[in-house]
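Dumped start.cif below, it's mmCIF, C-alpha atoms:
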```cif
data_target
#
loop_
_atom_site.label_atom_id
_atom_site.label_comp_id
_atom_site.auth_asym_id
_atom_site.auth_seq_id
_atom_site.Cartn_x
_atom_site.Cartn_y
_atom_site.Cartn_z
CA MET A 1 34.21 -11.80 21.73
CA THR A 2 37.97 -11.87 21.40
CA ASP A 3 38.14 -9.40 18.51
CA ILE A 4 35.55 -6.90 19.67
CA ARG A 5 35.77 -4.96 22.90
CA PRO A 6 32.28 -5.01 24.43
CA GLU A 7 30.87 -1.56 25.14
CA LEU A 8 29.98 -2.79 28.61
CA PHE A 9 33.65 -3.40 29.45
CA THR A 10 34.96 0.00 28.40
CA GLY A 11 37.40 1.24 31.04
CA LEU A 12 38.06 -2.19 32.54
CA SER A 13 41.50 -3.74 32.55
CA HIS A 14 42.09 -6.90 30.55
CA ASP A 15 41.98 -9.05 33.70
CA GLU A 16 38.82 -7.37 34.98
CA ALA A 17 37.12 -7.90 31.63
CA ALA A 18 38.27 -11.53 31.48
CA ALA A 19 36.91 -12.19 34.98
CA LEU A 20 33.55 -10.71 33.96
CA LEU A 21 33.44 -12.74 30.74
CA GLU A 22 33.80 -15.91 32.77
CA LEU A 23 30.43 -15.12 34.37
CA GLY A 24 28.69 -15.28 31.01
CA SER A 25 27.22 -18.30 29.34
CA ARG A 26 26.88 -18.49 25.58
CA ILE A 27 23.45 -18.82 24.02
CA SER A 28 23.14 -19.62 20.33
CA LEU A 29 20.03 -18.38 18.59
CA SER A 30 18.73 -19.56 15.26
CA SER A 31 17.31 -17.11 12.73
CA GLY A 32 14.00 -15.76 13.96
CA GLN A 33 14.41 -17.06 17.51
CA VAL A 34 13.15 -14.79 20.28
CA LEU A 35 15.65 -13.86 23.01
CA PHE A 36 13.10 -12.14 25.23
CA ARG A 37 9.63 -10.70 24.99
CA MET A 38 8.28 -7.30 25.90
CA GLY A 39 6.88 -7.26 29.43
CA SER A 40 8.71 -10.36 30.61
CA GLU A 41 10.86 -10.27 33.72
CA ALA A 42 14.38 -9.10 33.00
CA GLY A 43 16.87 -11.19 34.91
CA THR A 44 19.63 -11.44 32.34
CA LEU A 45 21.87 -8.99 30.52
CA TYR A 46 23.21 -9.99 27.11
CA LEU A 47 26.27 -9.14 25.08
CA VAL A 48 26.00 -9.74 21.36
CA GLU A 49 28.95 -11.90 20.37
CA ARG A 50 28.06 -12.76 16.78
CA GLY A 51 25.20 -11.94 14.45
CA ARG A 52 22.51 -9.36 15.26
CA ILE A 53 19.68 -8.75 17.71
CA ALA A 54 16.63 -6.86 16.47
CA LEU A 55 14.72 -4.89 19.08
CA THR A 56 11.08 -4.43 18.12
CA LEU A 57 7.90 -2.89 19.42
CA PRO A 58 4.35 -3.87 18.48
CA MET A 59 2.52 -1.57 16.09
CA GLN A 60 -0.87 -1.73 14.36
CA VAL A 61 -0.20 -1.90 10.62
CA CYS A 62 -3.30 -2.08 8.41
CA GLY A 63 -5.28 -3.55 11.29
CA ARG A 64 -2.68 -6.16 12.10
CA GLU A 65 -0.29 -6.12 15.02
CA GLU A 66 3.24 -6.28 13.69
CA ASP A 67 6.63 -6.15 15.35
CA VAL A 68 8.33 -3.07 14.04
CA LEU A 69 12.09 -2.70 14.22
CA VAL A 70 13.18 -0.02 16.63
CA GLU A 71 16.84 -0.75 16.99
CA GLU A 72 19.41 -3.34 16.02
CA ARG A 73 22.34 -4.40 18.16
CA ALA A 74 25.61 -5.63 16.67
CA PRO A 75 28.54 -7.64 18.10
CA GLY A 76 30.05 -5.94 21.13
CA GLN A 77 26.83 -4.16 22.02
CA THR A 78 24.62 -4.75 25.04
CA VAL A 79 21.02 -5.95 25.07
CA GLY A 80 18.69 -6.13 28.02
CA TRP A 81 19.97 -3.49 30.41
CA SER A 82 16.55 -3.69 32.05
CA ALA A 83 18.07 -6.60 33.96
CA LEU A 84 20.07 -4.10 36.01
CA ILE A 85 17.48 -1.33 36.31
CA PRO A 86 14.27 -1.60 38.33
CA PRO A 87 11.51 -2.65 37.74
CA TYR A 88 13.45 -5.36 35.86
CA ARG A 89 11.02 -5.72 32.95
CA PHE A 90 11.90 -5.83 29.28
CA THR A 91 10.30 -2.98 27.37
CA LEU A 92 11.10 -4.34 23.91
CA LYS A 93 11.08 -7.67 22.16
CA ALA A 94 14.49 -9.05 21.13
CA THR A 95 14.80 -11.41 18.19
CA ALA A 96 17.73 -12.77 16.25
CA PRO A 97 17.19 -11.96 12.56
CA LEU A 98 20.01 -14.35 11.68
CA GLU A 99 22.10 -16.97 13.48
CA THR A 100 23.41 -15.17 16.53
CA ASP A 101 25.48 -15.86 19.63
CA VAL A 102 25.04 -13.88 22.83
CA LEU A 103 26.72 -14.05 26.21
CA ALA A 104 24.17 -14.10 29.01
CA PHE A 105 24.92 -12.60 32.41
CA THR A 106 22.38 -13.12 35.17
CA ARG A 107 21.68 -10.18 37.40
CA SER A 108 22.50 -12.20 40.53
CA SER A 109 25.94 -13.22 39.22
CA LEU A 110 26.76 -9.66 38.17
CA LEU A 111 25.65 -8.13 41.47
CA GLU A 112 27.62 -10.71 43.41
CA HIS A 113 30.71 -9.91 41.36
CA PHE A 114 30.17 -6.16 41.76
CA GLY A 115 29.87 -6.72 45.51
CA LYS A 116 33.34 -8.24 45.51
CA TRP A 117 34.79 -5.73 43.06
CA PRO A 118 32.99 -2.41 43.58
CA VAL A 119 35.21 -0.51 41.15
CA VAL A 120 34.30 -2.96 38.39
CA GLY A 121 30.65 -2.55 39.37
CA TYR A 122 30.98 1.22 39.15
CA ILE A 123 32.61 1.11 35.71
CA VAL A 124 30.10 -1.38 34.30
CA THR A 125 27.18 0.57 35.74
CA ARG A 126 28.57 3.73 34.17
CA ASN A 127 28.79 1.94 30.83
CA VAL A 128 25.18 0.77 31.19
CA ALA A 129 24.18 4.38 31.91
CA SER A 130 26.02 5.38 28.75
CA VAL A 131 24.04 2.82 26.70
CA ILE A 132 20.76 4.07 28.18
CA GLY A 133 21.71 7.72 27.73
CA GLN A 134 22.71 7.19 24.12
CA ARG A 135 19.41 5.48 23.37
CA LEU A 136 17.51 8.28 25.08
CA GLN A 137 19.29 10.92 23.03
CA VAL A 138 18.75 9.06 19.76
CA PHE A 139 15.05 8.61 20.44
CA GLN A 140 14.71 12.20 21.59
CA ALA A 141 16.12 13.37 18.27
CA MET A 142 13.94 10.91 16.30
CA TRP A 143 10.86 12.11 18.16
CA LEU A 144 11.66 15.74 17.49
CA ARG A 145 12.13 15.04 13.77
CA GLU A 146 8.66 13.48 13.65
CA MET A 147 7.23 16.44 15.56
CA GLN A 148 8.82 18.79 13.04
CA ARG A 149 7.04 16.94 10.22
CA LEU A 150 3.73 17.15 12.01
CA VAL A 151 4.19 20.89 12.47
CA GLU A 152 5.12 21.31 8.80
CA LEU A 153 1.98 19.44 7.79
CA ARG A 154 -0.08 21.68 10.06
CA CYS A 155 1.46 24.83 8.59
CA ALA A 156 1.15 23.67 4.96
CA MET B 1 -64.81 54.16 -29.26
CA GLU B 2 -66.30 50.82 -30.20
CA MET B 3 -62.77 49.43 -30.55
CA PHE B 4 -61.86 50.72 -27.10
CA LEU B 5 -64.94 49.11 -25.52
CA MET B 6 -64.23 45.81 -27.23
CA VAL B 7 -60.60 45.73 -25.98
CA ALA B 8 -61.69 46.66 -22.46
CA THR B 9 -64.35 43.91 -22.43
CA VAL B 10 -61.93 41.28 -23.66
CA SER B 11 -59.35 42.37 -21.05
CA LEU B 12 -61.93 42.25 -18.28
CA LEU B 13 -63.06 38.83 -19.41
CA GLY B 14 -59.47 37.58 -19.46
CA MET B 15 -58.87 38.88 -15.98
CA VAL B 16 -62.01 37.19 -14.64
CA VAL B 17 -60.98 33.87 -16.20
CA SER B 18 -57.48 34.23 -14.71
CA VAL B 19 -58.81 34.97 -11.23
CA GLY B 20 -61.15 31.99 -11.51
CA LEU B 21 -58.35 29.65 -12.54
CA PHE B 22 -56.11 30.95 -9.77
CA ALA B 23 -58.80 30.44 -7.15
CA ALA B 24 -59.41 26.87 -8.37
CA ALA B 25 -55.70 26.08 -8.27
CA THR B 26 -55.18 27.32 -4.73
CA ARG B 27 -58.29 25.52 -3.47
CA ASP B 28 -56.93 22.16 -4.72
CA GLY B 29 -53.76 22.57 -2.59
CA GLY B 30 -55.34 20.76 0.40
CA SER B 31 -55.18 21.64 4.10
CA PRO B 32 -52.27 23.64 5.52
CA SER B 33 -51.06 20.58 7.47
CA ASP B 34 -50.42 18.80 4.18
CA VAL B 35 -48.09 21.48 3.09
CA ARG B 36 -44.59 20.17 3.27
CA PRO B 37 -41.57 22.38 3.37
CA GLU B 38 -39.68 22.41 0.21
CA GLN B 39 -36.95 19.80 0.34
CA PRO B 40 -33.55 21.37 -0.01
CA LEU B 41 -31.74 20.29 -3.08
CA PRO B 42 -28.78 18.09 -2.40
CA LEU B 43 -26.01 20.54 -2.95
CA SER B 44 -22.41 19.55 -3.15
CA PRO B 45 -20.05 21.57 -0.98
CA PRO B 46 -18.90 24.76 -2.61
CA ARG B 47 -15.86 24.35 -4.75
CA PHE B 48 -13.63 27.08 -5.90
CA PHE B 49 -10.69 27.13 -8.23
CA LEU B 50 -8.54 24.03 -7.66
CA THR B 51 -11.14 22.32 -5.51
CA ASP B 52 -13.47 22.25 -8.54
CA ARG B 53 -11.52 19.27 -9.73
CA ALA B 54 -12.77 15.81 -9.02
CA PRO B 55 -11.39 14.42 -5.77
CA ALA B 56 -8.08 12.65 -6.23
CA ALA B 57 -8.28 8.91 -6.43
CA ALA B 58 -7.23 7.06 -3.25
CA PRO B 59 -3.59 6.04 -3.34
CA PRO B 60 -3.06 2.44 -4.34
CA ARG B 61 -3.06 0.14 -1.35
CA VAL B 62 0.48 -0.90 -0.43
CA PRO B 63 0.91 -4.58 0.46
CA ILE B 64 1.60 -4.99 4.16
CA GLU B 65 4.98 -6.63 3.51
CA VAL B 66 6.07 -3.63 1.47
CA LEU B 67 4.76 -1.29 4.14
CA LEU B 68 6.70 -3.13 6.85
CA LEU B 69 9.88 -2.86 4.78
CA GLN B 70 9.22 0.86 4.33
CA ILE B 71 8.75 1.27 8.09
CA GLU B 72 11.98 -0.59 8.77
CA ARG B 73 13.84 1.54 6.25
CA HIS B 74 12.30 4.67 7.74
CA VAL B 75 13.43 3.69 11.26
CA ARG B 76 16.96 2.96 10.06
CA LEU B 77 17.19 6.27 8.21
CA GLU B 78 15.78 8.20 11.15
CA GLN B 79 18.11 6.47 13.58
CA ALA B 80 21.09 7.28 11.35
CA ALA B 81 19.93 10.90 11.13
CA ALA B 82 19.53 11.08 14.91
CA GLU B 83 22.98 9.60 15.49
CA SER B 84 24.41 12.04 12.99
CA PHE B 85 22.77 14.84 14.97
CA LEU B 86 24.36 13.54 18.18
CA ASP B 87 27.78 13.58 16.47
CA SER B 88 27.24 17.14 15.37
CA PRO B 89 24.35 18.74 17.26
CA THR B 90 23.11 21.55 15.03
CA THR B 91 19.62 22.61 13.98
CA LYS B 92 20.48 21.73 10.40
CA SER B 93 21.58 18.19 11.25
CA LEU B 94 18.56 17.69 13.53
CA HIS B 95 16.13 18.56 10.76
CA SER B 96 18.02 17.15 7.81
CA ARG B 97 15.78 15.86 5.02
CA THR B 98 15.07 12.18 4.70
CA THR B 99 14.61 9.99 1.65
CA SER B 100 12.21 7.73 3.52
CA PRO B 101 9.26 6.64 1.32
CA LEU B 102 6.99 7.00 4.35
CA VAL B 103 7.53 10.73 4.38
CA HIS B 104 7.45 11.43 0.63
#
```
What is this file in structure tokens?
Amino acid sequence: MTDIRPELFTGLSHDEAAALLELGSRISLSSGQVLFRMGSEAGTLYLVERGRIALTLPMQVCGREEDVLVEERAPGQTVGWSALIPPYRFTLKATAPLETDVLAFTRSSLLEHFGKWPVVGYIVTRNVASVIGQRLQVFQAMWLREMQRLVELRCA
Amino acid sequence: MEMFLMVATVSLLGMVVSVGLFAAATRDGGSPSDVRPEQPLPLSPPRFFLTDRAPAAAPPRVPIEVLLLQIERHVRLEQAAAESFLDSPTTKSLHSRTTSPLVH
């Protein structure tokens, strides 16, 4: 995490970011290992340090339920913002498609830190909102592209 | 005159025989309850012009592994297109064409 500035820490000073990093604990995932499952309680936020995290949703493919890739997170990016947003449930499944390291931050440790340092809490929360907003906009555009195809099929 | 009478007699005789045969045929038809409505012929739906061709063969079944790879590629392409739209939000970039095999 020394080379890449995490998106979650954008706007924080070096010392503020370093203090936050100390809250995290590293988790190493082997290829194919599940980080969290859809529907499970979200108590931990993750920063991808090395490797990749694939976010998938279940889909019926030829009568079989398959995990279909929805998004992939790279080093420096955040996974599991549901840990900070009620109702604290993961809405996707996260898997490491290759050997991956993540830094795990429990909600309780983050909220305690934000209580002591409200400005840091504000900046991090704003960054989380940015991650959520970006995902919303991407999916909104993807949905509209699919709608456009449906309409074209209907008009053909 | 004799010729005329002979033709008339033969015609009359032919008519009587025909009426007799017709009466016999209709009497053998049975009671009205036995009469069944004529079964409609199995007709294929009307076809005109291009639809007169034989229906196209079903597309070859794609192995599920290939299909999953196509879905993954489709998602990546669509995500890239959506992010490109967010960088430059125009109608053209929103509805840019894709090379995804799922669409073509």
Spatial sel., origin (20.9, -19.4, 20.7), limit 9 Å, all atoms listed in the file, listed as a list of chain:residue names:
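Every polymer residue passing the test: A:Arg26, A:Ile27, A:Ser28, A:Leu29, A:Ser30, A:Gln33, A:Leu35, A:Ala96, A:Glu99, A:Thr100, A:Asp101, A:Val102.
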Select from chain A every residue with an atom at most 7 Å from any atom of chain B, then for each give the shortest pair of atoms and their distance in Å to one decimal, using only C-alpha atoms, rows by chain and rising number, as CSV.
```
residue,atom,partner,partner_atom,distance
A:Val68,CA,B:Glu72,CA,6.9
A:Leu69,CA,B:Glu72,CA,5.8
A:Val70,CA,B:Val75,CA,6.5
A:Val138,CA,B:Ala82,CA,5.3
A:Ala141,CA,B:Ala82,CA,5.3
A:Met142,CA,B:Ala82,CA,5.8
A:Arg145,CA,B:His95,CA,6.1
```
May I have the protein, DNA and RNA residues with an atom at most 7 Å from (14.7, -7.9, 14.4), counting only C-alpha atoms in the file's coordinates, returned as a PyMOL selection string?
chain A and resi 53-56+69+72+94-97
Computed interatomic separation between atom CA of Leu8 of chain A and atom CA of Ser93 of chain B (Å):
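Between these atoms lies a distance of 28.5 Å.
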Rounded to one decimal, what separation in Å do you get between atom CA of His113 of chain A and atom CA of Gly51 of chain A?
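Pair atom CA of His113 of chain A / atom CA of Gly51 of chain A returns 27.5 Å.
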Pick from A:Cys62, A:Leu57, A:Ala19, A:Val34 nearest to Leu98 of chain A, counting all atoms listed in the file
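Closest to Leu98 of chain A, using all atoms listed in the file: A:Val34.
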May I ask for the distance between atom CA of Leu153 of chain A and atom CA of Gln134 of chain A, given in Å to one decimal place?
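Straight-line distance from atom CA of Leu153 of chain A to atom CA of Gln134 of chain A works out to 29.1 Å.
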Polymer residues at most 12 Å from Ile132 of chain A, all atoms listed in the file, same-chain spacing of 5 or more positions, as a PyMOL selection string
chain A and resi 7-8+77-82+84-85+125-127+137-139
